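Asker: Before I ask anything, here is the structure I am working with.
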Amino acid sequence: MLNLRYLALPLIRAAYKPLLVFSLLCVPYLYLCQMSYCSSLKGDSEHYKHLRYKMVEEQIAARGIDDENVLQAMRDVPRHLFVPKRKRGSAYGDFPLPIGYGQTISQPYIVALMTKLLDPERDDFALEVGTGSGYQAAVLSQIVRKVYTVEIIPPLGKAAEKRLKEVAYENITVKVGDGYYGWEEYAPFDCIIVTAASDHIPPPLIRQLKKGGKMAIPVGGPFQVQNLMLIEKSEEGEIQMKNILPVRFVPLRRK
Amino acid sequence: MNTLFPFLALLFISSSSLAYELILMRLFSIVQWYHFAYMVISIALLGFAASGTLLALIQSRGKRPLTEGHFAFLLSLFSFLLFILIVASFYLAQMIPFSPFQLVWQKMQYLYLAGYYVLFFIPFFLAGCFIGLNFMCYKDKIARVYFYNLLGSGAGVLIAFLSFYLIPPTLLLIVSSFLAFLGFLFSSYKRIRTRAYLVLNIAGVAFLFMCLIKGGVPLQISAYKGISKSLHLPGAKLEYEAHSPLGLLQVVDAPSLRYAPGLSLKYGQEPPSQKEIFLDGNSYGAVTNFEGKRDKLEYLDYSTFALAYHLMAPEQVLVLNPGGGTQALAALYHSPAHIQVVESHADIANLLRGPLRSFSQSIYDCYPPIEVDIASPREFVVRDLGTYDLIQLGLIGSWGGVGGGIYATGENYMYTIEALGEYFEHLNPQGILSASTWLSSPPRTFLKLLALAVETLEKKYEGDISRSIVGIRSWATGTVLIRRGEFSAAEAQKIKDFCKERAFDLVYYPGIDRQEVNQYSVLEKPVYYESICSLLHADRRDQFYEDYIFNIKPPTDDRPYFFHFFRLSAVVYLLKTLGKEWIPFLEWGYVTLWGTLVQALVFAPLFMFLPLILIKGDQGRSPLRKGKILLYFSLRGLAFMFIEMGYIQKFILLLTHPIYALALVLFTLLFFSGIGSLLSSRIGERCTWIPFIGIVFFSCIYGIFLDALLKIFLPYPLLLRCILVVFLLAPLAFFMGMPFPIGLQLVSDKQSSYIPWVWGVNGVASVIAPVLGSLLSVCLGFHVLMLLSLVLYGLAGWIIRLIARSCD
């Protein structure tokens with residue numbers, strides 16, 4: 001007859017200690033996770049303001065962006081309201097965050113850099129292709145007269161529209177549609193941001209860019225911006241592009 | 001004890017565990033990315049290593065030796081749990097919100113990753129326990145146990161491979177689970193009529209039945225994969241889906257999908273209607289409906305790869321791997337007399353000949369002047385006798401994929417110096433070879449292509465190579481042309497006109513002035529022009545390779561890794577100058593290999609030495625030295641896997657696809673190693689060196705003649721090539737199957753309590769070896785890997801002689 005005790009007891013004896021230690025370690029860890037989650041849900045505006053200022057100081061100004069309009073816009077827009085609720089605790093981190101549907105909200109520095117590259121002015125009309133969470137549009141709206149933004153994924157577009165209304169960004173108009181065609185009705189634009197890069201740049205967007213206007217496009221896989229492309233249309237209508245690396249990657253040769 | 005049924009159980013569990021490993025790799029490639037799959041499964045395989053610890057524990061805790069009844073109970077227990085957990089672990093893993101790209105930013109992802117590890121570790125652990133227990137149970141029949149183990153594993157490879165053809169991905173795990181269930185039935189055959197086992201059997205059948213009714217395990221594909229993003233687009237629908245060992249092929253139709261790689265900013269029209277092809281969830285290209293009207297293809301004339309058509313009016317065009325037909329259409333726009341298309345992916349060709357036939361205007365099926373051949377480019381050019389005015393290579397890499405470095409460790413024999421040399425030989429006098437790639441930032445992909453073109457020209461062309469090469473780039477793609485002849489001054493003007501009309505940048509043409517470059521898509525420095533100038537000077541080239549921060553040395557057949565750019569020596573420099581900001585430049589494929597190795601090395605000592613602590617008994621009196629045993633089984637394990645990996649890599653060229661090479665090489669090695677193992681019991685303790693001599697002999701022979709043999713047999717039908725592979729590997733595998741049972745039998749005879757430990761050591765070696773082998777192959781090449789395996793086998797042969805002598 002098989003002696004189950006003979007087999008089971010040594011197994012239990014050997015396993016219970018590691019399991020106990022594991023459980024004891026898990027409890028405080030899960031508690032900390034929960035605490036962090038709860039604090040992220042609180043609408044603690046002073047707390048977030050402090051984080052925002054810190055973000056501008058440490059992530060943006062420290063990397064060489066000195067355009068005061070851009071820095072102020074980044075200080076003013078509550079980024080935590082543009083990320084999913086459970087990720088608010090990480091909203092001001094130096095990294096991109098997922099917002100659903102395979103899309104991300106860009107790293108704060110990339111948002112600032114793209115805004116700066118466009119060199120926006122008070123009277124400008126801007127077009128954004130790929131609204132996402134609406135954060136880039138909100139930042140831009142602090143500097144220019146009007147932002148038109150197009151999102152192809154209906155749930156994202158509708159959520160962004162609602163969010164922007166709630167936060168009272170009145171100079172932003174959101175449309176759910178195919179950004180490939182830009183927004184003919186309000187063209188031409190002084191600046192265009194294409195946040196959803198594809199394998200080619202839609203010809204209608206080039207047409208809708210005003211002479212002397214600028215267009216910025218980030219390129220890279222998910223969670224990676226490897227370079228930014230800045231397209232400039234001269235007063236004669238000629239197009240020139242610049243490849244801008246978002247990091248200090250100048251020397252390609254080692255000493 | 002009747003040993004047939006228990007051995008059949010072993011056979012089924014072995015086949016189940018190997019099929020499970022391959023199926024997991026397949027499923028992970030679909031839902032996540034291949035390299036993360038590799039990392040998770042490699043770590044999960046440590047379960048085999050950990051099984052030795054549990055077995056040592058079971059062995060050491062009893063006051064009396066384990067009886068037949070204990071073994072039977074444990075074998076039934078392990079097999080039943082394995083049967084359930086094969087499906088359950090994958091089902092549970094899909095509930096974990098793991099996103100590999102967020103590992104860098106979000107600490108929580110490490111916890112999710114740990115969850116993955118634990119879930120996939122358990123089935124391998126159970127399989128390891130089952131197999132290891134068999135060695136303990138039949139300690140006087142080690143060779144036979146290993147025979148059934150290898151035979152089962154070989155069968156598992158075949159079953160998995162056939163399942164990839166016949167069964168949809170959602171049901172694949174049920175195949176492996178069913179094999180484990182058969183293992184359970186055979187392992188519990190003696191108690192089959194008892195109530196408990198009857199209940200378990202009924203529960204098992206019900207479980208399988210329920211899985212089948214539910215349609216298997218639904219796959220939650222990562223939201224960041226191309227297919228998921230495309231399906232979110234308004235009006236998007238999945239129009240076609242097919243599966244094979246080559247991957248899960250899907251076609252998405254959405255009004256907003258458009259594919260025009262690196263289209264010129266000067267082109268003002270919209271591309272015609274298209275459907276996008278996805279392979280394992282990643283974009284493979286697009287099928288275009290040009291409605292049979294040539295003018296609808298005008299947009300393709302605004303890509304860099306159209307340049308060659310503006311320098312000549314080719315009559316005979318060869319298009320290699322056109323990625324859904326785009327390059328074939330580009331050729332069609334210029335109306336040559338004959339377009340020979342070579343498509344290496346049979347499923348793509350079948351798609352264009354079948355479901356998308358009318359949409360694609362039958363371009364792959366009776367559309368003169370296009371003629372399609374399904375073969376790998378290398379295979380085609382070796383058997384083809386024709387010559388061409390223009391040879392056009394499909395766009396290398398994919399949009400977004402190049403920068404992410406997800407192909408870094410994937411072999412690609414289409415873009416090596418030898419491959420381009422073979423294409424070049426098929427050019428008519430004044431013929432042009434055109435190759436294009438996506439650009440990457442900082443520059444590396446196109447630079448590697450330029451280096452490849454320069455070194456190919458140097459090998460194949462006797463004239464002044466600086467007059468036979470041209471390079472241009474758009475904002476997204478780069479194209480290089482090399483010619484069997486020289487580019488004239490009139491053609492130089494045509495190149496300039498082509499680029500000006502399309503706002504493309506000149507990189508190089510014979511007689512170029514520095515002022516002409518970097519005009520439209522402006523880089524901080526004219527890197528491409530400066531680089532090609534260095535590349536064209538043979539005396540400066542090596543220094544240039546050495547100084548450049550990325551590895552841009554052209555790939556060869558020995559190291560066919562076009563997308564491997566990362567240099568380990570550059571890490572310190574990158575960290576120092578960029579801090580955390582260098583992360584976007586990581587090549588994930590390569591980095592995960594290192595990550596896997598580090599993790600394996602961290603856990604390995606634990607599973608190597610824990611059983612030793614647990615082993616009790618008369619170790620003091622044993623003639624066996626633990627150090628020698630550890631060394632012997634580690635060296636043998638590493639050497640076996642190095643040879644296995646080396647030949648998988650080598651035979652990709654012959655068998656056209658990595659999965660074919662993997663299946664056939666693995667099956668042949670395991671099957672014939674099994675036979676070798678069975679016969680190893682006839683080798684006496686004094687002749688333990690025999691298999692090592694056999695391995696070294698055959699490896700040396702292949703090392704000398706294999707390349708030539710592969711070239712001779714490449715043009716022959718696939719079946720004949722498969723037979724050749726089996727014929728070549730069989731004798732080598734036969735000898736490779738002997739060292740493990742010979743060693744283990746020695747251990748078993750003198751100190752049977754070491755068996756669980758040795759089994760754990762073997763598990764550790766089989767986890768570390770593939771990762772280490774991949775890294776060695778990427779960094780040093782196939783020949784170094786093979787040479788190293790010979791050295792390791794040689795050392796193992798020497799050590800086993802010492803062990804055998806000490807036992808006398």
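Just so we're on the same page: first chain in the structure tokens is A, next is B, and so on; residues restart at 1 for each chain, and ligands are numbered from 1 in the order they show up.
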Would you mind listing what lies within 10 Å of Ile159 in chain B as a PyMOL selection string, with only C-alpha atoms counted and same-chain residues fewer than 6 positions away left out?
Answerer: chain B and resi 15-16+18-19+153+175-176+179+663
Asker: Would you mind listing what lies within 12 Å of Leu802 in chain B as a list in words, with only C-alpha atoms counted and same-chain residues fewer than 3 positions away left out?
Answerer: Pro623, Leu624, Arg625, Gly627, Lys628, Ile629, Leu631, Tyr632, Glu685, Arg686, Cys687, Thr688, Trp689, Gly743, Leu746, Leu795, Ala796, Gly797, Trp798, Ile799, Arg805, Ser806, Cys807 and Asp808 of chain B
Asker: For CA of Ile800 in chain B and CA of Leu638 in chain B, quote the distance in Å rounded to one decimal.
Answerer: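 Distance reported for this atom pair: 15.4 Å.
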Asker: Pick out the residues sitting within 10 Å of Pro98 in chain A, and hand them over as a PyMOL selection string; count only C-alpha atoms, and ignore anything fewer than 5 positions along from it in its own chain.
Answerer: (chain A and resi 83-84+87+103-106+133+222-223) or (chain B and resi 99+102+223-224)
Asker: With N, CA, C and O atoms retained, export the selected residues as a JSON list (two decimals), in the first residue's frame.
Answerer:
```json
[["chain", "number", "residue", "atom", "x", "y", "z"],
["A", 83, "VAL", "N", -3.77, 61.11, -18.20],
["A", 83, "VAL", "CA", -3.35, 59.70, -18.17],
["A", 83, "VAL", "C", -4.46, 58.89, -17.47],
["A", 83, "VAL", "O", -5.26, 59.46, -16.73],
["A", 84, "PRO", "N", -4.52, 57.59, -17.72],
["A", 84, "PRO", "CA", -5.54, 56.79, -17.04],
["A", 84, "PRO", "C", -5.42, 56.97, -15.52],
["A", 84, "PRO", "O", -4.31, 57.09, -14.99],
["A", 87, "LYS", "N", -2.84, 55.41, -13.35],
["A", 87, "LYS", "CA", -1.43, 55.71, -13.65],
["A", 87, "LYS", "C", -1.06, 57.14, -13.24],
["A", 87, "LYS", "O", 0.01, 57.63, -13.58],
["A", 103, "GLN", "N", -1.78, 52.96, -27.87],
["A", 103, "GLN", "CA", -1.23, 54.32, -27.98],
["A", 103, "GLN", "C", -0.58, 54.72, -26.65],
["A", 103, "GLN", "O", -0.88, 54.14, -25.60],
["A", 104, "THR", "N", 0.27, 55.73, -26.74],
["A", 104, "THR", "CA", 0.94, 56.20, -25.53],
["A", 104, "THR", "C", 0.87, 57.73, -25.44],
["A", 104, "THR", "O", 0.69, 58.40, -26.46],
["A", 105, "ILE", "N", 1.01, 58.23, -24.23],
["A", 105, "ILE", "CA", 1.21, 59.68, -24.05],
["A", 105, "ILE", "C", 2.72, 59.84, -23.98],
["A", 105, "ILE", "O", 3.40, 59.14, -23.23],
["A", 106, "SER", "N", 3.26, 60.75, -24.80],
["A", 106, "SER", "CA", 4.72, 60.86, -24.92],
["A", 106, "SER", "C", 5.36, 61.31, -23.62],
["A", 106, "SER", "O", 4.73, 61.94, -22.77],
["A", 133, "SER", "N", -4.36, 61.27, -25.94],
["A", 133, "SER", "CA", -5.00, 61.69, -24.69],
["A", 133, "SER", "C", -5.43, 63.16, -24.75],
["A", 133, "SER", "O", -6.23, 63.61, -23.95],
["A", 222, "PRO", "N", 6.90, 51.49, -30.39],
["A", 222, "PRO", "CA", 6.15, 51.82, -29.18],
["A", 222, "PRO", "C", 7.09, 52.13, -28.02],
["A", 222, "PRO", "O", 8.07, 51.42, -27.82],
["A", 223, "PHE", "N", 6.82, 53.19, -27.29],
["A", 223, "PHE", "CA", 7.61, 53.63, -26.14],
["A", 223, "PHE", "C", 9.02, 54.10, -26.51],
["A", 223, "PHE", "O", 9.86, 54.27, -25.67],
["B", 99, "SER", "N", 3.94, 44.12, -20.27],
["B", 99, "SER", "CA", 4.27, 44.86, -21.50],
["B", 99, "SER", "C", 5.79, 45.03, -21.52],
["B", 99, "SER", "O", 6.34, 45.85, -20.79],
["B", 102, "GLN", "N", 7.68, 48.36, -21.36],
["B", 102, "GLN", "CA", 7.60, 49.21, -20.17],
["B", 102, "GLN", "C", 8.54, 48.76, -19.06],
["B", 102, "GLN", "O", 8.58, 49.39, -18.01],
["B", 223, "ALA", "N", -1.26, 44.96, -27.43],
["B", 223, "ALA", "CA", -1.91, 46.15, -28.03],
["B", 223, "ALA", "C", -0.92, 46.96, -28.87],
["B", 223, "ALA", "O", -1.34, 47.80, -29.67],
["B", 224, "TYR", "N", 0.38, 46.71, -28.68],
["B", 224, "TYR", "CA", 1.38, 47.50, -29.39],
["B", 224, "TYR", "C", 1.84, 46.85, -30.68],
["B", 224, "TYR", "O", 2.71, 47.36, -31.37]]
```
Asker: Set the distance at 12 Å and use only C-alpha atoms: which residues neighbour Glu455 in chain B once local chain neighbours fewer than 3 positions away are removed? I'd like the list as a VMD selection string.
Answerer: chain B and resid 416 to 421 448 to 452 458 to 461 465 to 466 469 482 532 535 to 538 541 to 542 553 to 556
Asker: For each of B:Leu351, B:Ala337, B:Leu390, B:Pro218, take the minimum atom-to-atom distance to His310 in chain B, counting only C-alpha atoms, then give the residue where this is smallest.
Answerer: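 Of the candidates, the smallest distance to His310 in chain B is held by B:Leu390.
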Asker: Need to verify the contact set: Ser521 in chain B, 9 Å, only C-alpha atoms, exclusion of same-chain residues closer than 3 positions in sequence. Can you return it as number ranges by chain?
Answerer: A: 229, 231, 240-243; B: 473-475, 503-505, 518
Asker: Would you save the residues of that selection, restricted to N, CA and C atoms, as a PDB file, in the first residue's frame?
Answerer:
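Below is the file selection_24.pdb, written as the result:
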```pdb
ATOM      1  N   MET A 229      11.399  64.445 -36.779  1.00  0.00           N
ATOM      2  CA  MET A 229      11.610  65.062 -38.077  1.00  0.00           C
ATOM      3  C   MET A 229      10.895  66.404 -38.098  1.00  0.00           C
ATOM      4  N   ILE A 231       9.806  69.394 -40.510  1.00  0.00           N
ATOM      5  CA  ILE A 231       9.638  69.800 -41.915  1.00  0.00           C
ATOM      6  C   ILE A 231       9.348  71.297 -41.944  1.00  0.00           C
ATOM      7  N   GLN A 240      11.928  71.522 -46.701  1.00  0.00           N
ATOM      8  CA  GLN A 240      13.193  70.982 -46.191  1.00  0.00           C
ATOM      9  C   GLN A 240      12.926  70.250 -44.879  1.00  0.00           C
ATOM     10  N   MET A 241      13.659  69.160 -44.681  1.00  0.00           N
ATOM     11  CA  MET A 241      13.465  68.378 -43.459  1.00  0.00           C
ATOM     12  C   MET A 241      14.739  68.386 -42.643  1.00  0.00           C
ATOM     13  N   LYS A 242      14.561  68.309 -41.331  1.00  0.00           N
ATOM     14  CA  LYS A 242      15.736  68.166 -40.456  1.00  0.00           C
ATOM     15  C   LYS A 242      15.513  66.961 -39.568  1.00  0.00           C
ATOM     16  N   ASN A 243      16.544  66.167 -39.394  1.00  0.00           N
ATOM     17  CA  ASN A 243      16.459  65.035 -38.465  1.00  0.00           C
ATOM     18  C   ASN A 243      17.015  65.479 -37.128  1.00  0.00           C
TER      19      ASN A 243
ATOM     20  N   ARG B 473      19.199  58.783 -50.609  1.00  0.00           N
ATOM     21  CA  ARG B 473      18.300  58.528 -49.478  1.00  0.00           C
ATOM     22  C   ARG B 473      17.145  59.519 -49.492  1.00  0.00           C
ATOM     23  N   SER B 474      16.030  59.051 -48.959  1.00  0.00           N
ATOM     24  CA  SER B 474      14.910  59.961 -48.716  1.00  0.00           C
ATOM     25  C   SER B 474      14.916  60.228 -47.212  1.00  0.00           C
ATOM     26  N   TRP B 475      13.831  60.730 -46.663  1.00  0.00           N
ATOM     27  CA  TRP B 475      13.763  60.944 -45.212  1.00  0.00           C
ATOM     28  C   TRP B 475      13.623  59.621 -44.461  1.00  0.00           C
ATOM     29  N   ALA B 503      13.041  65.517 -54.043  1.00  0.00           N
ATOM     30  CA  ALA B 503      13.613  66.001 -52.775  1.00  0.00           C
ATOM     31  C   ALA B 503      14.335  64.884 -52.018  1.00  0.00           C
ATOM     32  N   PHE B 504      15.064  64.056 -52.773  1.00  0.00           N
ATOM     33  CA  PHE B 504      15.891  63.011 -52.160  1.00  0.00           C
ATOM     34  C   PHE B 504      17.328  63.527 -52.056  1.00  0.00           C
ATOM     35  N   ASP B 505      18.046  62.989 -51.096  1.00  0.00           N
ATOM     36  CA  ASP B 505      19.428  63.432 -50.923  1.00  0.00           C
ATOM     37  C   ASP B 505      20.407  62.502 -51.622  1.00  0.00           C
ATOM     38  N   ASN B 518      23.299  66.229 -48.436  1.00  0.00           N
ATOM     39  CA  ASN B 518      22.618  66.725 -47.228  1.00  0.00           C
ATOM     40  C   ASN B 518      21.817  68.009 -47.486  1.00  0.00           C
TER      41      ASN B 518
END
```
